[in-house]
Structure formats: structure tokens, C-alpha cells
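A.B. asks: Let me begin by handing over the structure; questions about it come next.
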Amino acid sequence: MRTFERLLSGDFEAARYWAERAIETGSHTEPAAAAIGRVAQARLVILDGDVGRGLELLEDAGTAAMSGDLDALSTGVVYCELVCALQGLAQYDLAEQWTEAMERWARTNAIGSLHGRCRVHRAEILRLRGRCASAEQQVLLACEELRPYVRRELGWPLTELGRIRLRRGNRTGAEEALLAAHRLGWDPEPGLSLVRLADGDVDTAAAAIREALARPLPVPSKELPPTSELRRAPLLDAQVRIAIAGADLETARVAARELEEVAVAFESNALAASALRVRGEVLLAEGDAVGASACFTRAVRAWNEVGAPYETAECRLRLADTQRALGNLRAETFEREAARTELDRITHAPAAEELGTDTDGPDAFVREGDYWTVVFDGRCVTARDSKGMHHLARLLAAPGREFHVLDLAAADTADPGAAAGLARTGDAGPLLDARAKQMYRRRLAEIEDDMEEARADNDIARQEQTELERGFLIGELTRAVGLGGRDRHAGASSERARAAVTQAVRKAIGRLRDVLPALGDHLDRTIRTGTYCAYIPDPRVPPSWST
């Protein structure tokens with residue numbers, strides 16, 4: 001507790017001392033204390049600038065949470081702090097993966113305010129992915145679930161609500177949410193300044209963002225601790241936009257340079273994309289349309305790779321402005337129409353539960369341009385194109401057939417021949433190390449006890465959860481241990497492909513679950529990933545997919 005009190009307050013030196021004490025003491029007396037101390041230590045390493053090492057330590061902490069060795073409250077705290085750290089670092093892909101892991105755990109384990117915190121994290125990811133209606137629903141539910149706990153904690157979902165509403169064009173609603181967060185002791189910036197900018201009050205916006213950077217409120221923050229450069233990054237992004245609107249080029253130049261330095265220091269693709277965008281803003285304001293066009297083109301590509309359609313569309317609009325300045329009217333029209341189509345979709349898209357429409361047709365999984373039309377159990381939804389969707393389509397088209405991950409990867413590359421020819425040899429070490437196998441076996445023994453208790457209590461949901469976890473662990477041990485108990489080793493190329501394909505498939509299933517929960521549950525039960533992937537439906541009621 002002392003570690004995190006100091007970390008959230010920006011006193012990193014004291015936090016480092018208490019983290020070391022927690023790890024040392026907890027290693028002998030309480031694994032939960034050591035695990036939570038390691039999360040804090042990882043975040044401090046990141047804030048010191050060693051991002052690679054910090055991410056490794058965070059992954060170690062997440063593995064400890066998944067092991068089942070910690071009590072429920074401590075497991076939830078580790079998950080929550082892990083996602084907060086990744087969100088603050090703008091490592092959105094990793095944050096999304098751990099958010100999904102936390103949500104799977106929370107369905108049967110989370111207690112107290114942890115449910116609300118999970119919803120805020122989910123809302124942040126949904127906003128990033130352009131699904132603002134669903135994000136707003138999640139964050140409103142989070143407000144209700146967090147209300148009985150620390151009053152100030154409500155400021156966190158309220159600031160997220162303000163960001164979502166501003167993105168949807170609801171400036172009045174955004175302002176109300178951000179002012180409510182401020183009344184609860186939360187920092188409403190840069191959201192409130194961006195609301196002022198959207199209202200055309202540039203002078204007020206400039207003064208507010210300048211004050212936020214010069215004298216930041218000492219508000220404790222899980223994601224962005226006070227005094228950290230990461231805390232300044234979103235403020236700097238906003239300051240460039242506001243300064244450009246007020247024709248204050250010198251302020252914009254200084255803020256853009258600092259944001260570029262933060263992006264380099266913390267090795268974040270999203271921060272790098274933000275830095276490209278603001279650099280383009282400055283160049284365009286200076287009259288360098290050629291340089292600005294290059295920056296905005298790179299920013300469009302970078303945000304698209306992050307998976308942020310709103311930011312991508314914003315950069316497309318600015319790219320259109322550069323094309324107009326260069327006299328490329330056809331290119332301007334192309335970029336502007338693409339951006340407006342995406343922004344209109346984000347602004348007016350319904351929430352997830354409103355997306356499905358009834359249909360009497362067969363189950364279908366069909367690509368149509370940048371989207372897939374998916375029909376399951378009489379409901380029709382659309383989903384954005386991704387590698388995971390391609391892998392799923394191939395598996396669904398051939399029930400029961402096993403595909404090697406290299407074959408799946410080869411089918412989704414620009415050079416199939418080269419990908420298919422990747423050597424399946426080379427030693428990447430054991431698939432599971434000795435410690436992992438020991439943890440898996442220990443958890444299996446615990447699961448047997450859990451299953452007996454669930455049967456005795458007639459707790460069907462708990463039985464299903466433990467059976468799923470038991471099946472996963474047995475599958476992992478079977479995959480990793482051969483005849484006579486000998487370790488199976490991973491080929492380097494195969495193991496890289498296995499990790500990439502599994503991540504892509506699971507992410508696609510998670511997104512499908514958001515819009516059609518029954519399909520997500522079906523795919524969770526029937527899609528097997530690993531070195532060999534397959535779709536294994538129930539033979540008694542096999543679905544017939546049109547692909």
C-alpha cells in the first residue's frame with residue numbers, strides 16, 4: 001500500500017524503496033505482496049525509461065496472476081494495475097489482451113469495485129477501436145458499480161465519459177462529465193480544454209492547457225502518475241492543436257518537440273503516431289505543405305496499425321488539407337471522403353447489442369471489403385477486417401481439419417511461397433519451462449478440489465469455468481510434454497507463428513463476442529489453437545458455415 005501510495009503521488013524514489021521491501025518480505029511470507037510489489041517495480045522501471053525491461057516484468061506479474069497462486073482480491077489488483085500501466089504507456093494491443101484476460105477472470109472471480117474498473121478499461125479500448133456507443137454504455141455502468149466505493153474514484157470513469165462524448169460530437173454532455181469529474185477531485189484535462197476548443201473559445205482553451213502543463217494538479221493516477229512525462233503526453237498533444245488554432249506557432253513547436261521526445265523515450269507506437277500528427281500540424285501552419293503531407297501520411301499509416309479509426313480519420317482530414325494546399329484536388333477529395341465516412345460511422349454507430357439484426361439465412365462468415373458479414377444463430381453483425389478474421393474463416397470452412405500455424409500465416413502474407421517455406425526446424429527451447437509445468441500441475445490439483453466443491457454446491461457456472469480451465473491446462477501440458485515425460489521443443493519459426501496466430505484468432509473472437517456474445521462463446525468452445533489449429537464443432541449439432 002505504501003508503494004502504490006507513493007507511486008500514484010509521483011514520489012518514485014520512495015515508491016522504489018517500498019516496492020523492494022514488499023518483494024523481499026512477500027517472497028518469504030505472502031506471495032500476493034510480492035506480486036503486487038513486482039507490478040509497481042515494473043512500472044517504475046518503465047518510468048525510468050527502460051521500457052523493454054519493464055514490459056518483461058509486467059508480463060511476469062501477469063503470469064503470476066494467471067497461475068492461481070494469489071487470492072482473488074490480489075489477483076484483481078495485479079490485473080488492474082497491469083492494464084493501467086499498459087494504457088498509460090499507450091501499449092494498446094497489450095492492454096487489450098490483458099483486459100480480455102482480466103474480463104475472463106472477472107466473470108467468476110472479481111469482487112467489489114474490480115468489476116467497475118474492468119469496465120473502464122474495456123470502455124477505453126472500445127473508444128480507441130471506434131465503438132463509442134458501446135464504450136459509453138460500459139463507462140456508465142462503471143459509474144454505477146464504482147459509486148458505492150471511494151467517491152473520488154468516480155472521477156476516472158467520468159473523464160473517460162467526457163472523452164467518449166466529445167468524440168461523438170456531444171460537447172455539452174462531455175463538458176458535464178468532465179466538470180463532474182473535476183468536482184470529485186479528478187483532473188479534467190486535456191478533455192476540458194479540447195471541449196473549449198471545439199466550442200471555438202481558443203483563448204480559454206489555451207490558458208487552461210498552459211496552466212495544466214505548468215502546474216499539474218497533484219491528483220493520484222493509476223495510469224499516468226503525477227510528474228511523469230507520460231502524464232504530459234496527452235496535454236502536449238492538445239496544446240499543439242490549441243496553439244495552432246490560436247496562431248501561436250512557437251508554443252506549438254515547443255510542445256511538438258517535447259511530445260516527440262516522450263514518444264522516443266517510451267517506445268510507444270501510439271505516442272509516435274501522435275507525435276507525427278502534431279509535427280504535421282506545425283509544418284502545415286508554417287506553410288510547408290510537402291513536409292506536412294509526409295508527416296500526415298505516416299501518421300495515417302501508424303494510427304491504422306494501432307487500430308484507432310478515429311485518430312486515423314483525423315489525420316486523413318489533415319492530409320486532405322495538405323493535398324488542397326498542394327493543388328492535388330483529386331487526392332484531397334479521396335482522403336476527405338474516406339475520413340468523413342469513418343467519422344460518421346463512429347459518431348452514429350449503435351451500441352454492440354443494437355448491431356445484430358434477425359435473419360433466417362444460414363450461418364455465414366463472408367468478407368466484404370474492409371468488413372466481414374457474420375451470421376450466427378439467426379443474428380447478423382459486421383466486423384472489421386483483421387488477420388484473425390482470415391484465420392477464423394479458413395478454420396470454419398473446414399471443420400475438423402488441422403492447420404499448421406505456418407500454413408495459416410502463409411495464407412495471410414503478401415509472399416505465400418516464402419512464408420510456406422519457413423523452416424519448421426530450429427530450437428526455440430522447451431514449450432513450457434519447469435516452473436510453468438509445476439505451476440500448471442499444482443493448479444490442476446486445485447481445480448479438482450474446486451470441481452468437487454462446485455458439484456457439492458450444485459454451482460453449474462463454477463463447474464463450467466473450472467472444466468474449461470482444466471481442459472486448457474491439460475492441453476498445454478499435453479502439447480509441451482512428449483513420451484516418457486520428455487520436453488517438446490519449439491521450432492523458432494513455428495513458435496513465432498503459433499504466438500502470432502493464437503493472438504490474432506483470440507483477439508478476433510473477443511471482438512466478435514462484443515457484438516454477438518453467443519458466437520464468442522461458441523468459438524471459444526470449438527476453436528483450438530496451438531501449433532495445429534482446428535475448428536471442432538459438436539458433432540451432434542454441427543453448424544454449416546457459408547464462407
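As shown in the C-alpha cells, the chain order sets the letters A, B, ...; within each chain, residues go from 1, and ligands are also counted from 1 in the order they appear.
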Need to verify the contact set: segment 125-131 of chain A, 7 Å, only C-alpha atoms, exclusion of same-chain residues closer than 2 positions in sequence. Can you return it as an mmCIF file with N, CA, C and O atoms, in the first residue's frame?
C.D. replies:
```cif
data_model
loop_
_atom_site.group_PDB
_atom_site.id
_atom_site.type_symbol
_atom_site.label_atom_id
_atom_site.label_comp_id
_atom_site.auth_asym_id
_atom_site.auth_seq_id
_atom_site.Cartn_x
_atom_site.Cartn_y
_atom_site.Cartn_z
ATOM 1 N N GLU A 96 -5.163 -4.410 -24.462
ATOM 2 C CA GLU A 96 -6.392 -5.099 -24.858
ATOM 3 C C GLU A 96 -6.322 -6.582 -24.514
ATOM 4 O O GLU A 96 -7.288 -7.166 -24.012
ATOM 5 N N HIS A 121 -11.632 0.041 -18.190
ATOM 6 C CA HIS A 121 -10.588 -0.402 -19.128
ATOM 7 C C HIS A 121 -11.207 -0.838 -20.453
ATOM 8 O O HIS A 121 -10.688 -0.531 -21.531
ATOM 9 N N ARG A 122 -12.307 -1.566 -20.385
ATOM 10 C CA ARG A 122 -12.973 -2.005 -21.608
ATOM 11 C C ARG A 122 -13.472 -0.802 -22.399
ATOM 12 O O ARG A 122 -13.356 -0.750 -23.625
ATOM 13 N N ALA A 123 -14.019 0.197 -21.704
ATOM 14 C CA ALA A 123 -14.514 1.400 -22.382
ATOM 15 C C ALA A 123 -13.386 2.125 -23.099
ATOM 16 O O ALA A 123 -13.561 2.623 -24.222
ATOM 17 N N ALA A 133 -20.380 4.163 -28.932
ATOM 18 C CA ALA A 133 -21.668 3.922 -28.284
ATOM 19 C C ALA A 133 -21.533 2.815 -27.241
ATOM 20 O O ALA A 133 -22.026 2.945 -26.110
ATOM 21 N N SER A 134 -20.880 1.740 -27.613
ATOM 22 C CA SER A 134 -20.662 0.649 -26.646
ATOM 23 C C SER A 134 -19.759 1.107 -25.514
ATOM 24 O O SER A 134 -19.958 0.726 -24.351
ATOM 25 N N ALA A 135 -18.756 1.933 -25.826
ATOM 26 C CA ALA A 135 -17.859 2.456 -24.789
ATOM 27 C C ALA A 135 -18.642 3.290 -23.780
ATOM 28 O O ALA A 135 -18.426 3.181 -22.560
ATOM 29 N N ILE A 164 -15.311 10.205 -24.521
ATOM 30 C CA ILE A 164 -16.189 9.485 -25.454
ATOM 31 C C ILE A 164 -17.229 10.438 -26.051
ATOM 32 O O ILE A 164 -17.463 10.452 -27.268
ATOM 33 N N GLY A 307 -4.795 0.520 -34.793
ATOM 34 C CA GLY A 307 -6.192 0.105 -34.751
ATOM 35 C C GLY A 307 -7.082 1.170 -34.154
ATOM 36 O O GLY A 307 -7.998 0.873 -33.384
ATOM 37 N N ALA A 308 -6.799 2.446 -34.500
ATOM 38 C CA ALA A 308 -7.526 3.584 -33.953
ATOM 39 C C ALA A 308 -8.200 4.339 -35.097
ATOM 40 O O ALA A 308 -7.611 5.267 -35.656
ATOM 41 N N PRO A 309 -9.431 3.983 -35.464
ATOM 42 C CA PRO A 309 -10.057 4.586 -36.648
ATOM 43 C C PRO A 309 -10.334 6.079 -36.510
ATOM 44 O O PRO A 309 -10.262 6.809 -37.500
ATOM 45 N N TYR A 310 -10.660 6.554 -35.314
ATOM 46 C CA TYR A 310 -10.945 7.980 -35.147
ATOM 47 C C TYR A 310 -9.683 8.804 -35.398
ATOM 48 O O TYR A 310 -9.710 9.792 -36.150
ATOM 49 N N ILE A 346 -18.430 6.297 -36.724
ATOM 50 C CA ILE A 346 -18.114 6.321 -35.296
ATOM 51 C C ILE A 346 -19.155 7.137 -34.532
ATOM 52 O O ILE A 346 -19.617 6.745 -33.450
#
```
A.B. asks: Assign secondary structure with DSSP using the backbone only, and return the residues of segment 314-402 of chain A in strand (DSSP E) as a list in words.
C.D. replies: Thr357, Asp358, Ala364, Phe365, Val366, Arg367, Glu368, Tyr371, Trp372, Thr373, Val374, Val375, Phe376, Arg379, Cys380, Val381, Thr382, Ala383 and Arg384 of chain A
A.B. asks: Those residues you just picked out, can you put them in a file as a PDB file, in the first residue's frame with N, CA, C and O atoms?
C.D. replies:
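So out-v6.pdb came out as:
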```pdb
ATOM      1  N   THR A 357     -28.980  -7.972 -36.297  1.00  0.00           N
ATOM      2  CA  THR A 357     -30.299  -7.964 -36.929  1.00  0.00           C
ATOM      3  C   THR A 357     -30.712  -9.398 -37.163  1.00  0.00           C
ATOM      4  O   THR A 357     -29.880 -10.276 -37.413  1.00  0.00           O
ATOM      5  N   ASP A 358     -32.005  -9.640 -37.079  1.00  0.00           N
ATOM      6  CA  ASP A 358     -32.503 -11.001 -37.255  1.00  0.00           C
ATOM      7  C   ASP A 358     -32.425 -11.408 -38.712  1.00  0.00           C
ATOM      8  O   ASP A 358     -32.652 -10.604 -39.626  1.00  0.00           O
ATOM      9  N   ALA A 364     -23.002 -17.641 -41.630  1.00  0.00           N
ATOM     10  CA  ALA A 364     -22.126 -17.145 -42.693  1.00  0.00           C
ATOM     11  C   ALA A 364     -20.958 -16.381 -42.091  1.00  0.00           C
ATOM     12  O   ALA A 364     -21.061 -15.789 -41.014  1.00  0.00           O
ATOM     13  N   PHE A 365     -19.850 -16.391 -42.829  1.00  0.00           N
ATOM     14  CA  PHE A 365     -18.629 -15.704 -42.422  1.00  0.00           C
ATOM     15  C   PHE A 365     -17.987 -15.203 -43.711  1.00  0.00           C
ATOM     16  O   PHE A 365     -17.129 -15.864 -44.295  1.00  0.00           O
ATOM     17  N   VAL A 366     -18.432 -14.048 -44.183  1.00  0.00           N
ATOM     18  CA  VAL A 366     -18.103 -13.605 -45.538  1.00  0.00           C
ATOM     19  C   VAL A 366     -17.439 -12.235 -45.497  1.00  0.00           C
ATOM     20  O   VAL A 366     -17.941 -11.302 -44.853  1.00  0.00           O
ATOM     21  N   ARG A 367     -16.317 -12.108 -46.213  1.00  0.00           N
ATOM     22  CA  ARG A 367     -15.615 -10.828 -46.284  1.00  0.00           C
ATOM     23  C   ARG A 367     -16.231  -9.957 -47.368  1.00  0.00           C
ATOM     24  O   ARG A 367     -16.476 -10.421 -48.481  1.00  0.00           O
ATOM     25  N   GLU A 368     -16.437  -8.662 -47.005  1.00  0.00           N
ATOM     26  CA  GLU A 368     -16.946  -7.679 -47.956  1.00  0.00           C
ATOM     27  C   GLU A 368     -16.111  -6.410 -47.804  1.00  0.00           C
ATOM     28  O   GLU A 368     -16.413  -5.541 -47.008  1.00  0.00           O
ATOM     29  N   TYR A 371     -14.711  -5.138 -44.259  1.00  0.00           N
ATOM     30  CA  TYR A 371     -15.548  -5.676 -43.189  1.00  0.00           C
ATOM     31  C   TYR A 371     -15.962  -7.113 -43.515  1.00  0.00           C
ATOM     32  O   TYR A 371     -15.899  -7.554 -44.660  1.00  0.00           O
ATOM     33  N   TRP A 372     -16.373  -7.825 -42.484  1.00  0.00           N
ATOM     34  CA  TRP A 372     -16.903  -9.174 -42.623  1.00  0.00           C
ATOM     35  C   TRP A 372     -18.358  -9.159 -42.180  1.00  0.00           C
ATOM     36  O   TRP A 372     -18.702  -8.542 -41.164  1.00  0.00           O
ATOM     37  N   THR A 373     -19.191  -9.837 -42.952  1.00  0.00           N
ATOM     38  CA  THR A 373     -20.574 -10.069 -42.537  1.00  0.00           C
ATOM     39  C   THR A 373     -20.629 -11.445 -41.881  1.00  0.00           C
ATOM     40  O   THR A 373     -20.239 -12.444 -42.486  1.00  0.00           O
ATOM     41  N   VAL A 374     -21.110 -11.464 -40.635  1.00  0.00           N
ATOM     42  CA  VAL A 374     -21.137 -12.706 -39.864  1.00  0.00           C
ATOM     43  C   VAL A 374     -22.578 -12.978 -39.437  1.00  0.00           C
ATOM     44  O   VAL A 374     -23.222 -12.120 -38.829  1.00  0.00           O
ATOM     45  N   VAL A 375     -23.062 -14.153 -39.792  1.00  0.00           N
ATOM     46  CA  VAL A 375     -24.406 -14.578 -39.394  1.00  0.00           C
ATOM     47  C   VAL A 375     -24.261 -15.813 -38.517  1.00  0.00           C
ATOM     48  O   VAL A 375     -23.581 -16.775 -38.888  1.00  0.00           O
ATOM     49  N   PHE A 376     -24.896 -15.772 -37.348  1.00  0.00           N
ATOM     50  CA  PHE A 376     -24.843 -16.923 -36.435  1.00  0.00           C
ATOM     51  C   PHE A 376     -26.131 -16.982 -35.633  1.00  0.00           C
ATOM     52  O   PHE A 376     -26.552 -15.979 -35.040  1.00  0.00           O
ATOM     53  N   ARG A 379     -28.705 -14.272 -36.170  1.00  0.00           N
ATOM     54  CA  ARG A 379     -28.326 -12.880 -35.956  1.00  0.00           C
ATOM     55  C   ARG A 379     -27.207 -12.504 -36.907  1.00  0.00           C
ATOM     56  O   ARG A 379     -26.298 -13.303 -37.161  1.00  0.00           O
ATOM     57  N   CYS A 380     -27.267 -11.270 -37.430  1.00  0.00           N
ATOM     58  CA  CYS A 380     -26.283 -10.800 -38.405  1.00  0.00           C
ATOM     59  C   CYS A 380     -25.556  -9.581 -37.842  1.00  0.00           C
ATOM     60  O   CYS A 380     -26.192  -8.632 -37.365  1.00  0.00           O
ATOM     61  N   VAL A 381     -24.222  -9.595 -37.904  1.00  0.00           N
ATOM     62  CA  VAL A 381     -23.417  -8.463 -37.460  1.00  0.00           C
ATOM     63  C   VAL A 381     -22.308  -8.229 -38.482  1.00  0.00           C
ATOM     64  O   VAL A 381     -22.063  -9.061 -39.360  1.00  0.00           O
ATOM     65  N   THR A 382     -21.624  -7.107 -38.357  1.00  0.00           N
ATOM     66  CA  THR A 382     -20.448  -6.834 -39.174  1.00  0.00           C
ATOM     67  C   THR A 382     -19.244  -6.663 -38.266  1.00  0.00           C
ATOM     68  O   THR A 382     -19.372  -6.215 -37.124  1.00  0.00           O
ATOM     69  N   ALA A 383     -18.070  -7.013 -38.771  1.00  0.00           N
ATOM     70  CA  ALA A 383     -16.832  -6.890 -38.010  1.00  0.00           C
ATOM     71  C   ALA A 383     -15.725  -6.416 -38.943  1.00  0.00           C
ATOM     72  O   ALA A 383     -15.685  -6.798 -40.114  1.00  0.00           O
ATOM     73  N   ARG A 384     -14.839  -5.596 -38.414  1.00  0.00           N
ATOM     74  CA  ARG A 384     -13.748  -5.047 -39.219  1.00  0.00           C
ATOM     75  C   ARG A 384     -12.747  -6.137 -39.589  1.00  0.00           C
ATOM     76  O   ARG A 384     -12.530  -7.082 -38.836  1.00  0.00           O
TER      77      ARG A 384
END
```
A.B. asks: With a cut-off of 8 Å, could you pull out the residues of segment 74-172 of chain A touching segment 38-51 of chain A and give me the nearest pair of atoms for each, distance in Å to one decimal, using only C-alpha atoms, ordered by chain and ascending number, as a Markdown table?
C.D. replies:
```
| residue | atom | partner | partner_atom | distance |
| --- | --- | --- | --- | --- |
| A:Val78 | CA | A:Val39 | CA | 6.9 |
| A:Glu81 | CA | A:Val39 | CA | 7.0 |
| A:Leu82 | CA | A:Val39 | CA | 6.8 |
| A:Ala85 | CA | A:Arg43 | CA | 6.4 |
```
A.B. asks: So which bits of segment 165-407 of chain A end up helix (DSSP H, G or I) when you DSSP the backbone, as a PyMOL selection string?
C.D. replies: chain A and resi 165-167+171-183+191-198+202-214+229-245+249-266+269-285+289-306+309-325+329-348+352-355+387-396+405-407
A.B. asks: Could you check how far atom CA of Ala206 of chain A sits from atom CA of Gly162 of chain A, in Å to one decimal?
C.D. replies: 18.8 Å
A.B. asks: For a test of reading the model, state the distance in Å between atom CA of Ala289 of chain A and atom CA of Ala325 of chain A, rounded to one decimal.
C.D. replies: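 Separation between atom CA of Ala289 of chain A and atom CA of Ala325 of chain A: 6.4 Å.
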A.B. asks: If you count only C-alpha atoms, which residues fall within 12 Å of Phe4 of chain A, apart from same-chain ones fewer than 2 positions away, as a tab-separated table (two decimals) with C-alpha atoms, in the first residue's frame?
C.D. replies:
```
chain	number	residue	atom	x	y	z
A	1	MET	CA	0.00	0.00	0.00
A	2	ARG	CA	2.83	2.39	0.76
A	6	ARG	CA	3.95	6.90	-3.33
A	7	LEU	CA	3.80	5.79	-6.98
A	8	LEU	CA	0.38	7.34	-7.62
A	9	SER	CA	1.59	10.54	-5.97
A	10	GLY	CA	4.67	10.82	-8.18
A	11	ASP	CA	7.28	10.10	-5.46
A	12	PHE	CA	9.17	7.45	-7.42
A	13	GLU	CA	12.21	7.23	-5.15
A	14	ALA	CA	10.12	6.34	-2.11
A	15	ALA	CA	7.94	4.02	-4.20
A	16	ARG	CA	11.06	2.16	-5.35
A	17	TYR	CA	12.15	1.63	-1.74
A	18	TRP	CA	8.77	0.29	-0.63
A	19	ALA	CA	8.44	-1.93	-3.71
A	22	ALA	CA	7.27	-5.60	-0.47
A	33	ALA	CA	2.51	-8.81	-1.61
A	36	ILE	CA	1.85	-6.55	-6.39
A	37	GLY	CA	5.26	-5.16	-5.47
A	38	ARG	CA	6.64	-6.51	-8.74
A	39	VAL	CA	3.93	-4.69	-10.70
A	40	ALA	CA	4.93	-1.44	-9.03
A	41	GLN	CA	8.60	-2.19	-9.68
A	43	ARG	CA	6.03	0.49	-13.68
A	44	LEU	CA	8.92	2.31	-12.03
A	77	VAL	CA	-5.33	-5.77	-8.22
A	78	VAL	CA	-2.46	-7.22	-10.29
A	81	GLU	CA	-2.50	-2.33	-12.28
A	220	PRO	CA	-3.12	10.45	-7.83
A	221	SER	CA	-3.40	8.44	-11.03
A	222	LYS	CA	-3.06	4.76	-11.76
A	223	GLU	CA	-2.40	5.21	-15.47
A	225	PRO	CA	1.34	9.22	-12.20
```
A.B. asks: For segment 518-527 of chain A, list every protein, DNA or RNA residue within 8 Å, evaluated using only C-alpha atoms, and leave out those in the same chain fewer than 2 positions away; present the list as a list of chain:residue names.
C.D. replies: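 These residues fall inside the cut-off: A:Phe376, A:Ile509, A:Gly510, A:Leu512, A:Arg513, A:Asp514, A:Leu516, A:Thr529, A:Cys533, A:Ala534, A:Tyr535, A:Ile536, A:Pro537, A:Asp538.
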A.B. asks: Could the residues in this selection be saved with C-alpha atoms as a PDB file, in the first residue's frame?
C.D. replies:
```
ATOM      1  CA  PHE A 376     -24.843 -16.923 -36.435  1.00  0.00           C
ATOM      2  CA  ILE A 509     -13.047 -13.941 -31.159  1.00  0.00           C
ATOM      3  CA  GLY A 510     -13.063 -11.294 -28.432  1.00  0.00           C
ATOM      4  CA  LEU A 512     -16.987 -10.938 -32.186  1.00  0.00           C
ATOM      5  CA  ARG A 513     -18.114 -11.629 -28.622  1.00  0.00           C
ATOM      6  CA  ASP A 514     -18.549  -7.886 -28.077  1.00  0.00           C
ATOM      7  CA  LEU A 516     -22.577 -11.276 -30.616  1.00  0.00           C
ATOM      8  CA  THR A 529      -5.234 -23.014 -31.221  1.00  0.00           C
ATOM      9  CA  CYS A 533      -5.287 -25.103 -35.164  1.00  0.00           C
ATOM     10  CA  ALA A 534      -8.740 -26.526 -35.862  1.00  0.00           C
ATOM     11  CA  TYR A 535     -12.459 -25.884 -35.654  1.00  0.00           C
ATOM     12  CA  ILE A 536     -14.075 -28.769 -33.739  1.00  0.00           C
ATOM     13  CA  PRO A 537     -17.854 -28.220 -33.510  1.00  0.00           C
ATOM     14  CA  ASP A 538     -20.188 -30.505 -31.595  1.00  0.00           C
TER      15      ASP A 538
END
```
A.B. asks: For Leu178 of chain A, list every protein, DNA or RNA residue within 8 Å, evaluated using only C-alpha atoms, and leave out those in the same chain fewer than 2 positions away; present the list as a ChimeraX atom specification.
C.D. replies: /A:158-159,161-162,174-176,180-182,188,191-192
